[in-house]
>>> print(open('query_0.pdb').read())   # PDB, C-alpha atoms
MODEL        1
ATOM      1  CA  MET K   6       2.036  32.314 -22.211
ATOM      2  CA  ASN K   7      -1.333  33.485 -23.494
ATOM      3  CA  SER K   8      -3.005  31.252 -20.928
ATOM      4  CA  TYR K   9      -1.700  33.373 -18.023
ATOM      5  CA  ASP K  10      -3.714  36.317 -16.724
ATOM      6  CA  ASP K  11      -2.012  39.738 -16.858
ATOM      7  CA  GLY K  12      -1.940  39.837 -13.037
ATOM      8  CA  ALA K  13      -1.016  36.172 -12.529
ATOM      9  CA  THR K  14       1.523  35.041  -9.919
ATOM     10  CA  PHE K  15       4.150  32.280 -10.094
ATOM     11  CA  GLU K  16       5.924  30.861  -7.067
ATOM     12  CA  ASP K  17       8.362  28.021  -6.443
ATOM     13  CA  PRO K  18      10.756  27.332  -3.531
ATOM     14  CA  PHE K  19      13.237  29.925  -4.847
ATOM     15  CA  VAL K  20      11.291  32.722  -6.546
ATOM     16  CA  LYS K  21       8.004  34.602  -6.578
ATOM     17  CA  VAL K  22       7.017  36.853  -9.488
ATOM     18  CA  CYS K  23       3.844  38.701 -10.433
ATOM     19  CA  GLY K  24       2.555  39.526 -13.899
ATOM     20  CA  LYS K  25       2.483  37.655 -17.210
ATOM     21  CA  ASN K  26       5.748  39.175 -18.473
ATOM     22  CA  ALA K  27       7.628  38.384 -15.255
ATOM     23  CA  ILE K  28       6.391  34.772 -15.402
ATOM     24  CA  TYR K  29       7.459  34.492 -19.042
ATOM     25  CA  ASN K  30      10.924  35.879 -18.167
ATOM     26  CA  GLN K  31      11.250  33.421 -15.268
ATOM     27  CA  PHE K  32      10.400  30.415 -17.461
ATOM     28  CA  TRP K  33      12.704  31.643 -20.251
ATOM     29  CA  THR K  34      15.638  32.067 -17.838
ATOM     30  CA  VAL K  35      15.186  28.632 -16.246
ATOM     31  CA  ARG K  36      15.061  26.952 -19.666
ATOM     32  CA  LYS K  37      18.417  28.537 -20.533
ATOM     33  CA  PHE K  38      20.122  26.798 -17.584
ATOM     34  CA  LEU K  39      18.107  23.631 -16.941
ATOM     35  CA  ASN K  40      16.782  20.872 -19.120
ATOM     36  CA  GLY K  41      13.720  19.135 -17.681
ATOM     37  CA  GLU K  42      12.287  15.756 -18.583
ATOM     38  CA  VAL K  43       8.941  14.593 -17.152
ATOM     39  CA  LEU K  44       9.350  11.026 -15.886
ATOM     40  CA  SER K  45       5.777  10.600 -14.648
ATOM     41  CA  SER K  46       2.768  12.804 -14.045
ATOM     42  CA  ARG K  47      -0.936  12.894 -13.322
ATOM     43  CA  ILE K  48      -3.348  15.808 -13.362
ATOM     44  CA  PHE K  49      -6.619  16.181 -11.529
ATOM     45  CA  LYS K  50      -9.178  18.839 -10.715
ATOM     46  CA  GLU K  51      -9.533  19.742  -7.057
ATOM     47  CA  CYS K  52     -13.171  19.782  -6.004
ATOM     48  CA  ASP K  53     -14.957  21.127  -2.952
ATOM     49  CA  ASP K  54     -17.498  19.249  -0.788
ATOM     50  CA  SER K  55     -20.298  19.866  -3.315
ATOM     51  CA  GLY K  56     -18.340  18.062  -6.062
ATOM     52  CA  CYS K  57     -16.786  19.190  -9.328
ATOM     53  CA  SER K  58     -18.590  21.654 -11.526
ATOM     54  CA  GLU K  59     -19.179  20.902 -15.197
ATOM     55  CA  GLY K  60     -17.793  23.312 -17.780
ATOM     56  CA  PRO K  61     -15.747  26.424 -17.035
ATOM     57  CA  ALA K  62     -16.404  27.752 -13.559
ATOM     58  CA  ARG K  63     -15.399  31.116 -12.143
ATOM     59  CA  ASN K  64     -12.394  29.739 -10.215
ATOM     60  CA  GLU K  65     -11.052  26.206 -10.309
ATOM     61  CA  ARG K  66      -7.909  24.485  -9.035
ATOM     62  CA  PHE K  67      -5.994  21.932 -11.037
ATOM     63  CA  VAL K  68      -3.184  19.893  -9.529
ATOM     64  CA  VAL K  69      -0.330  18.232 -11.417
ATOM     65  CA  GLU K  70       1.797  15.698  -9.563
ATOM     66  CA  ALA K  71       5.005  14.968 -11.431
ATOM     67  CA  LEU K  72       8.471  13.550 -11.167
ATOM     68  CA  VAL K  73      10.810  15.675 -13.286
ATOM     69  CA  ARG K  74      14.492  15.008 -13.944
ATOM     70  CA  PHE K  75      16.547  18.205 -14.270
ATOM     71  CA  ARG K  76      19.950  18.389 -15.942
ATOM     72  CA  LEU K  77      22.237  21.381 -16.435
ATOM     73  CA  SER K  78      22.368  20.781 -20.178
ATOM     74  CA  LYS K  79      21.095  18.393 -22.829
ATOM     75  CA  CYS K  80      24.644  17.067 -23.157
ATOM     76  CA  GLN K  81      24.804  15.941 -19.523
ATOM     77  CA  PRO K  82      24.082  12.180 -19.234
ATOM     78  CA  LYS K  83      20.586  11.416 -17.902
ATOM     79  CA  VAL K  84      22.037   9.389 -15.034
ATOM     80  CA  PHE K  85      23.425  12.635 -13.560
ATOM     81  CA  GLY K  86      20.067  14.388 -13.676
ATOM     82  CA  LEU K  87      18.314  15.041 -10.379
ATOM     83  CA  PRO K  88      14.721  13.773 -10.220
ATOM     84  CA  ILE K  89      12.553  16.223  -8.289
ATOM     85  CA  GLY K  90       9.097  15.358  -6.997
ATOM     86  CA  MET K  91       6.819  18.292  -7.794
ATOM     87  CA  THR K  92       3.244  19.239  -7.160
ATOM     88  CA  ILE K  93       1.990  22.097  -9.320
ATOM     89  CA  VAL K  94      -1.196  23.897  -8.330
ATOM     90  CA  LEU K  95      -2.889  26.057 -10.970
ATOM     91  CA  GLU K  96      -5.756  28.351 -10.055
ATOM     92  CA  VAL K  97      -7.790  29.056 -13.162
ATOM     93  CA  GLY K  98     -10.362  31.804 -13.490
ATOM     94  CA  THR K  99     -12.735  32.851 -16.236
ATOM     95  CA  THR K 100     -12.607  36.326 -17.771
ATOM     96  CA  ALA K 101     -15.702  38.367 -18.621
ATOM     97  CA  ASP K 102     -15.581  37.076 -22.210
ATOM     98  CA  GLY K 103     -15.519  33.450 -21.002
ATOM     99  CA  LYS K 104     -11.809  32.780 -21.604
ATOM    100  CA  ALA K 105     -10.083  30.620 -18.968
ATOM    101  CA  THR K 106      -6.792  32.061 -17.700
ATOM    102  CA  ILE K 107      -4.258  30.963 -15.083
ATOM    103  CA  LYS K 108      -4.423  33.320 -12.093
ATOM    104  CA  SER K 109      -1.886  31.546  -9.883
ATOM    105  CA  HIS K 110       0.817  28.929 -10.526
ATOM    106  CA  ARG K 111       2.615  27.388  -7.538
ATOM    107  CA  ASP K 112       5.286  24.703  -7.597
ATOM    108  CA  TYR K 113       5.826  22.632  -4.463
ATOM    109  CA  TRP K 114       8.959  20.472  -4.453
ATOM    110  CA  SER K 115       9.085  17.304  -2.349
ATOM    111  CA  LEU K 116      12.387  16.439  -0.683
ATOM    112  CA  HIS K 117      11.010  12.994   0.187
ATOM    113  CA  ARG K 118      10.080  12.117  -3.431
ATOM    114  CA  THR K 119      13.358  13.584  -4.671
ATOM    115  CA  LEU K 120      15.473  11.449  -2.325
ATOM    116  CA  GLU K 121      13.407   8.344  -3.103
ATOM    117  CA  ASN K 122      14.112   8.692  -6.819
ATOM    118  CA  ALA K 123      17.718   9.933  -6.915
ATOM    119  CA  PRO K 124      20.203   7.294  -8.124
ATOM    120  CA  VAL K 125      22.386   5.821  -5.335
ATOM    121  CA  ILE K 126      20.940   8.260  -2.781
ATOM    122  CA  CYS K 127      17.616   6.365  -2.813
ATOM    123  CA  THR K 128      19.305   3.232  -1.404
ATOM    124  CA  LEU K 129      21.035   5.176   1.361
ATOM    125  CA  TYR K 130      17.853   7.135   2.123
ATOM    126  CA  THR K 131      15.696   4.005   2.384
ATOM    127  CA  PHE K 132      18.291   2.221   4.522
ATOM    128  CA  SER K 133      18.756   5.193   6.888
ATOM    129  CA  LYS K 134      14.981   5.493   7.359
ATOM    130  CA  LYS K 135      14.841   1.853   8.474
ATOM    131  CA  ILE K 136      17.799   2.297  10.870
ATOM    132  CA  ILE K 137      16.301   5.445  12.420
ATOM    133  CA  GLY K 138      12.899   3.766  12.708
ATOM    134  CA  SER K 139      14.411   0.725  14.411
ATOM    135  CA  SER K 140      16.478   2.926  16.734
ATOM    136  CA  THR K 141      13.517   5.007  17.885
ATOM    137  CA  SER K 142      11.402   1.859  18.348
ATOM    138  CA  PHE K 143      14.187   0.293  20.453
ATOM    139  CA  ILE K 144      14.434   3.400  22.688
ATOM    140  CA  ALA K 145      10.690   3.514  23.400
TER     141      ALA K 145
ENDMDL
END
>>> encode(input="query_0.pdb", output="structure tokens")
Amino acid sequence: MNSYDDGATFEDPFVKVCGKNAIYNQFWTVRKFLNGEVLSSRIFKECDDSGCSEGPARNERFVVEALVRFRLSKCQPKVFGLPIGMTIVLEVGTTADGKATIKSHRDYWSLHRTLENAPVICTLYTFSKKIIGSSTSFIA
């Protein structure tokens, strides 16, 4: 938690908290109820039109795209875990002494990626998309 700024914010689809201690408490509480396993991920630095800066800049954005399977406990079989497509955006700033800290942490959850990767549901989801697409094409 030392990487978060004292005035940092955290937000996901269900909660928004401000301050390093509130973020720590949020993460601690979630870990007590959910067990997460990263199935796939990639991280990249978001750049503006002038390109990416070298070295620590004043404010930078990093994006993590991940598929995470959540279970209610470690004892629950993995097959019952729900895979959630997530995009995490971290805004990182540099303090006066040159230390990089996270100023903002936002989680965006994708219903589309979640349905595509959920066991059994993925087959129904893919099939229903084709039926709806065919139906709307037939009507037009």
>>> closest_residue(input="query_0.pdb", among="K:Gly90, K:Ser8, K:Phe85, K:Arg76", to="K:Ser45", atoms="only C-alpha atoms")
K:Gly90
>>> resolve_selection(input="query_0.pdb", expression="the PyMOL selection byres ((chain K and resi 114) around 6)", output="list of chain:residue names")
K:Gly90, K:Met91, K:Tyr113, K:Ser115
>>> resolve_selection(input="query_0.pdb", expression="the PyMOL selection byres ((chain K and resi 100) around 12)", output="number ranges by chain")
K: 8-11, 61-64, 97-99, 101-108
>>> closest_residue(input="query_0.pdb", among="K:Asp112, K:Pro88, K:Phe143, K:His117", to="K:Thr131", atoms="all atoms listed in the file")
K:His117
>>> resolve_selection(input="query_0.pdb", expression="the PyMOL selection byres ((chain K and resi 77) around 7)", output="VMD selection string")
chain K and resid 38 to 40 75 to 76 78 81
>>> closest_residue(input="query_0.pdb", among="K:Phe67, K:Tyr130, K:His110, K:Ile137", to="K:Cys23", atoms="all atoms listed in the file")
K:His110
>>> closest_residue(input="query_0.pdb", among="K:Ser133, K:Ser109, K:Cys80, K:Lys50", to="K:Gly24", atoms="all atoms listed in the file")
K:Ser109
